[in-house]
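The next block is query04.csv, given as CSV, C-alpha atoms.
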chain,number,residue,atom,x,y,z
A,294,LYS,CA,-73.9,9.0,21.8
A,295,CYS,CA,-72.0,5.7,21.2
A,296,VAL,CA,-73.9,2.5,20.4
A,297,LEU,CA,-73.2,-1.0,19.1
A,298,PRO,CA,-74.3,-1.8,15.6
A,299,ASP,CA,-77.6,-3.2,16.9
A,300,GLY,CA,-78.3,0.1,18.7
A,301,THR,CA,-77.3,-1.0,22.2
A,302,PRO,CA,-76.1,2.2,24.0
A,303,ILE,CA,-72.5,2.2,25.3
A,304,ALA,CA,-72.1,5.8,26.4
A,305,GLU,CA,-73.5,9.3,26.0
A,306,ALA,CA,-72.1,12.6,26.9
A,307,ASN,CA,-72.4,16.3,26.3
A,308,GLY,CA,-70.1,19.2,26.9
A,309,PRO,CA,-68.8,22.5,25.6
A,310,ALA,CA,-67.2,23.4,22.3
A,311,TYR,CA,-64.3,25.7,22.7
A,312,GLY,CA,-63.3,28.6,20.5
A,313,SER,CA,-64.0,32.3,20.0
A,314,LYS,CA,-66.3,31.6,17.0
A,315,ALA,CA,-69.0,29.2,18.2
A,316,THR,CA,-70.0,27.4,15.0
A,317,SER,CA,-72.1,24.3,14.3
A,318,TYR,CA,-69.0,22.9,12.5
A,319,ARG,CA,-66.8,23.3,15.5
A,320,SER,CA,-69.5,21.9,17.9
A,321,GLU,CA,-70.0,18.8,15.7
A,322,GLY,CA,-66.2,18.4,15.5
A,323,TYR,CA,-66.0,18.4,19.3
A,324,GLY,CA,-68.7,15.7,19.3
A,325,VAL,CA,-66.7,13.5,16.9
A,326,ALA,CA,-63.5,14.1,18.7
A,327,SER,CA,-65.2,13.1,22.0
A,328,ALA,CA,-66.4,9.9,20.5
A,329,THR,CA,-63.1,8.9,18.8
A,330,ASN,CA,-61.2,9.7,22.0
A,331,PHE,CA,-63.7,7.8,24.1
A,332,PHE,CA,-62.9,4.6,22.3
A,333,VAL,CA,-59.2,5.2,22.4
A,334,HIS,CA,-59.4,5.5,26.2
A,335,LEU,CA,-61.9,2.7,26.6
A,336,PHE,CA,-59.7,0.2,24.8
A,337,ARG,CA,-56.5,1.5,26.6
A,338,PHE,CA,-58.2,1.2,30.0
A,339,CYS,CA,-59.5,-2.3,29.3
A,340,ASP,CA,-56.1,-3.3,27.8
A,341,VAL,CA,-57.7,-4.8,24.7
A,342,SER,CA,-57.7,-4.0,21.0
A,343,PRO,CA,-60.8,-3.3,19.1
A,344,ARG,CA,-61.8,-6.0,16.6
A,345,TRP,CA,-64.4,-4.2,14.6
A,346,SER,CA,-64.6,-1.1,12.4
A,347,PHE,CA,-66.0,2.2,13.5
A,348,ARG,CA,-68.6,4.4,12.0
A,349,PHE,CA,-68.9,8.0,13.1
A,350,VAL,CA,-71.9,10.0,12.1
A,351,SER,CA,-72.6,13.7,11.9
A,352,ASP,CA,-75.2,16.0,10.3
A,353,ASN,CA,-72.5,18.5,9.3
A,354,LEU,CA,-71.6,17.5,5.7
A,355,GLY,CA,-68.6,19.8,5.5
A,356,LEU,CA,-67.1,18.2,8.6
A,357,ILE,CA,-67.7,14.7,7.2
A,358,ARG,CA,-66.1,15.6,3.8
A,359,ARG,CA,-63.0,17.1,5.4
A,360,LEU,CA,-62.6,14.1,7.8
A,361,ASN,CA,-62.9,11.6,4.9
A,362,THR,CA,-60.3,13.6,2.9
A,363,LEU,CA,-57.9,13.8,5.9
A,364,ILE,CA,-58.0,10.2,6.9
A,365,ALA,CA,-57.3,9.0,3.3
A,366,PHE,CA,-53.7,10.2,3.8
A,367,PRO,CA,-51.3,8.7,6.3
A,368,GLU,CA,-49.7,12.1,6.9
A,369,HIS,CA,-51.1,15.6,6.4
A,370,PHE,CA,-49.9,18.2,4.0
A,371,PRO,CA,-48.3,21.3,5.7
A,372,ASN,CA,-50.9,23.7,4.1
A,373,ILE,CA,-53.8,21.8,5.8
A,374,THR,CA,-52.5,23.0,9.2
A,375,LEU,CA,-53.6,26.5,8.3
A,376,GLN,CA,-57.2,25.5,7.6
A,377,PRO,CA,-59.9,26.5,10.1
A,378,ASP,CA,-60.4,24.0,12.9
A,379,TRP,CA,-57.4,21.9,11.9
A,380,ASP,CA,-56.7,21.2,15.6
A,381,LEU,CA,-60.0,19.3,15.9
A,382,LEU,CA,-59.5,17.4,12.6
A,383,ARG,CA,-56.0,16.4,13.5
A,384,GLU,CA,-57.1,15.1,17.0
A,385,ILE,CA,-59.8,13.0,15.3
A,386,GLN,CA,-57.4,11.7,12.7
A,387,LEU,CA,-54.8,10.6,15.3
A,388,ALA,CA,-57.5,9.0,17.5
A,389,VAL,CA,-58.7,6.9,14.6
A,390,ARG,CA,-55.2,6.0,13.7
A,391,THR,CA,-54.6,5.0,17.4
A,392,LEU,CA,-57.6,2.7,17.2
A,393,GLY,CA,-55.9,0.8,14.4
A,394,ARG,CA,-59.2,-0.3,12.8
A,395,PRO,CA,-61.1,1.0,9.8
A,396,ALA,CA,-63.2,4.0,10.4
A,397,VAL,CA,-65.9,5.5,8.3
A,398,PHE,CA,-67.3,9.0,8.6
A,399,SER,CA,-70.9,9.3,7.4
A,400,HIS,CA,-73.3,12.1,6.9
A,401,VAL,CA,-76.9,11.9,8.3
A,402,LYS,CA,-79.5,14.4,7.4
A,403,GLY,CA,-80.4,16.4,10.4
A,404,HIS,CA,-83.8,17.2,11.9
A,405,GLN,CA,-85.6,14.3,10.2
A,406,ASP,CA,-87.9,14.2,13.2
A,407,ASP,CA,-89.5,17.4,11.8
A,408,HIS,CA,-91.3,15.2,9.2
A,409,HIS,CA,-91.3,11.7,10.6
A,410,SER,CA,-91.8,10.1,14.0
A,411,TYR,CA,-88.7,9.2,15.9
A,412,ALA,CA,-89.6,5.5,16.0
A,413,ASP,CA,-89.9,5.3,12.2
A,414,LEU,CA,-86.5,6.8,11.5
A,415,PRO,CA,-83.3,4.8,10.9
A,416,LEU,CA,-80.9,4.3,13.8
A,417,GLU,CA,-78.4,6.9,12.6
A,418,ALA,CA,-81.1,9.6,12.4
A,419,GLN,CA,-82.4,8.6,15.9
A,420,LEU,CA,-78.8,8.9,17.2
A,421,ASN,CA,-78.4,12.4,15.6
A,422,ILE,CA,-81.7,13.5,17.3
A,423,ASP,CA,-80.4,12.1,20.6
A,424,ALA,CA,-77.1,14.0,20.2
A,425,ASP,CA,-78.9,17.2,19.4
A,426,LEU,CA,-81.0,16.8,22.5
A,427,LEU,CA,-77.9,16.3,24.6
A,428,ALA,CA,-76.2,19.3,23.1
A,429,GLY,CA,-79.4,21.4,23.7
A,430,ARG,CA,-79.6,20.3,27.3
A,431,PHE,CA,-75.9,21.3,27.9
A,432,ARG,CA,-76.5,24.8,26.3
A,433,ARG,CA,-79.6,25.3,28.5
A,434,ASN,CA,-77.7,24.5,31.6
A,435,ASP,CA,-74.4,26.2,30.7
A,436,SER,CA,-74.5,29.0,28.2
A,437,SER,CA,-71.0,30.4,29.0
A,438,VAL,CA,-68.7,31.3,26.1
A,439,ARG,CA,-65.3,29.5,26.1
A,440,PRO,CA,-63.0,31.4,23.8
A,441,ARG,CA,-59.8,29.8,25.3
A,442,VAL,CA,-59.1,26.6,23.4
A,443,PRO,CA,-57.4,23.8,25.3
A,444,GLN,CA,-54.5,22.5,23.4
A,445,PHE,CA,-55.0,19.0,22.1
A,446,GLY,CA,-52.1,16.5,22.3
A,447,ALA,CA,-52.0,16.3,18.5
A,448,ASN,CA,-51.7,20.0,18.2
A,449,SER,CA,-48.1,21.0,18.9
A,450,ALA,CA,-48.7,24.7,18.3
A,451,GLN,CA,-51.5,27.3,18.6
A,452,LEU,CA,-51.6,30.8,17.3
A,453,GLN,CA,-52.5,33.3,20.0
A,454,ILE,CA,-52.4,37.1,19.6
A,455,LYS,CA,-53.6,39.2,22.6
A,456,GLY,CA,-56.3,36.9,23.7
A,457,PRO,CA,-57.7,33.5,23.1
A,458,PRO,CA,-56.1,31.1,20.5
A,459,ILE,CA,-57.1,31.5,16.9
A,460,SER,CA,-58.4,28.4,15.2
A,461,GLY,CA,-59.2,29.9,11.8
A,462,ARG,CA,-59.0,32.8,9.4
A,463,TYR,CA,-55.4,33.4,10.1
Translate the structure described by the file into structure tokens.
Amino acid sequence: KCVLPDGTPIAEANGPAYGSKATSYRSEGYGVASATNFFVHLFRFCDVSPRWSFRFVSDNLGLIRRLNTLIAFPEHFPNITLQPDWDLLREIQLAVRTLGRPAVFSHVKGHQDDHHSYADLPLEAQLNIDADLLAGRFRRNDSSVRPRVPQFGANSAQLQIKGPPISGRY
């Protein structure tokens, strides 16, 4: 879900996470990749440049840590390309670079609505709950497994051995 700093909604979407190993990490990564690429295409379509910084939020702390480490460097180290889910991370990194504005990746604790009412939660927690609801709605309506991973533009090679592409544990 994409919003302005005051909480005004811009867009929301849901969809599949591809890969033979369906993990929360990979699903959250697809959500962040979707948001970063949404803004790249929005500004390209409108033929304007963004004039603000971006803040992307996820409840997957491992993903946030890896993204913050990755965007700190202008180029990636060759060994990082062998890490699991690098295809998603690289796609996000290049989308943020294309935006040309500062971007921050922040962690929000998940499931805060288990102990507090939605209205009493901060905006980031509310957005995380909304995103979880969108993801749940998609899974209820389409539970098919998608082991074949579409190749991102930033990913110039994929390892594939007798079946779907392998995105980790090479």
Item to complete: Could you please determine the separation between CA of Phe331 in chain A and CA of Pro457 in chain A in Å, to one decimal place?
Response: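 Between CA of Phe331 in chain A and CA of Pro457 in chain A the gap is 26.4 Å.
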Please provide as a compact mmCIF listing (two decimals) with C-alpha atoms, in the coordinates of the input all residues within 7 Å of Ala326 in chain A, with the sequence filter that same-chain residues fewer than 3 positions apart are discarded (counting only C-alpha atoms).
# COMPACT_ATOMS: atom_id res chain seq x y z
CA GLY A 322 -66.20 18.40 15.50
CA TYR A 323 -66.00 18.40 19.30
CA THR A 329 -63.10 8.90 18.80
CA ASN A 330 -61.20 9.70 22.00
CA LEU A 381 -60.00 19.30 15.90
CA GLU A 384 -57.10 15.10 17.00
CA ILE A 385 -59.80 13.00 15.30
_Report, in Å to a single decimal, how far apart CA of Glu305 in chain A and CA of Ala428 in chain A are._
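Interatomic distance, CA of Ala428 in chain A to CA of Glu305 in chain A: 10.8 Å.
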Counting all atoms listed in the file, closest pick from A:Pro298, A:Ala306, A:Gln376, A:Tyr411 relative to Phe431 in chain A is A:Ala306
For the contact check between range 304-348 of chain A and range 441-444 of chain A, emit one row per residue of range 304-348 of chain A within 8 Å, containing the shortest atom pair and the distance in Å rounded to one decimal, counting only C-alpha atoms, chain then rising number order, as JSON lines.
{"residue": "A:Tyr311", "atom": "CA", "partner": "A:Val442", "partner_atom": "CA", "distance": 5.3}
{"residue": "A:Gly312", "atom": "CA", "partner": "A:Val442", "partner_atom": "CA", "distance": 5.5}
{"residue": "A:Ser313", "atom": "CA", "partner": "A:Arg441", "partner_atom": "CA", "distance": 7.2}
Item to check | All residues 9 Å or closer to range 402-410 of chain A, all atoms listed in the file, same chain fewer than 3 positions away omitted, as an MDAnalysis selection string | outcome: chainID A and resid 351:354 413:414 418:419 421:422 425
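Pairwise distance (CA of Gln451 in chain A, CA of Thr316 in chain A) equals 18.8 Å.
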> From the set A:Phe347, A:Phe332, A:Phe370, A:Trp379, which residue has the shortest atom-to-atom contact distance to Phe445 in chain A, counting only C-alpha atoms?
Replying inline: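 For Phe445 in chain A, the nearest of the candidates is A:Trp379.
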- Would you mind telling me which residue in A:Tyr318, A:Ile454, A:Trp345, A:Pro395 lies nearest to Ile357 in chain A when using only C-alpha atoms?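 Using only C-alpha atoms, Ile357 in chain A sits closest to A:Tyr318.
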- Message: Applying 9 Å and all atoms listed in the file, which residues near Gly300 in chain A remain after dropping the ones on its own chain fewer than 4 positions away? List them as a ChimeraX atom specification.
- Response: /A:295-296,416,420
In terms of only C-alpha atoms, the residue from A:Asn361, A:Ser437, A:Ser327, A:Ser320 at minimal distance from Ser399 in chain A is A:Asn361
In terms of only C-alpha atoms, the residue from A:Asp435, A:Asp378, A:Glu417, A:Asp423 at minimal distance from Arg319 in chain A is A:Asp378
Looking at A:Leu335, A:Leu452, A:Ala396, A:Val401, which one is nearest to Ala365 in chain A, with distances taken over all atoms listed in the file?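 Using all atoms listed in the file, the shortest distance to Ala365 in chain A belongs to A:Ala396.
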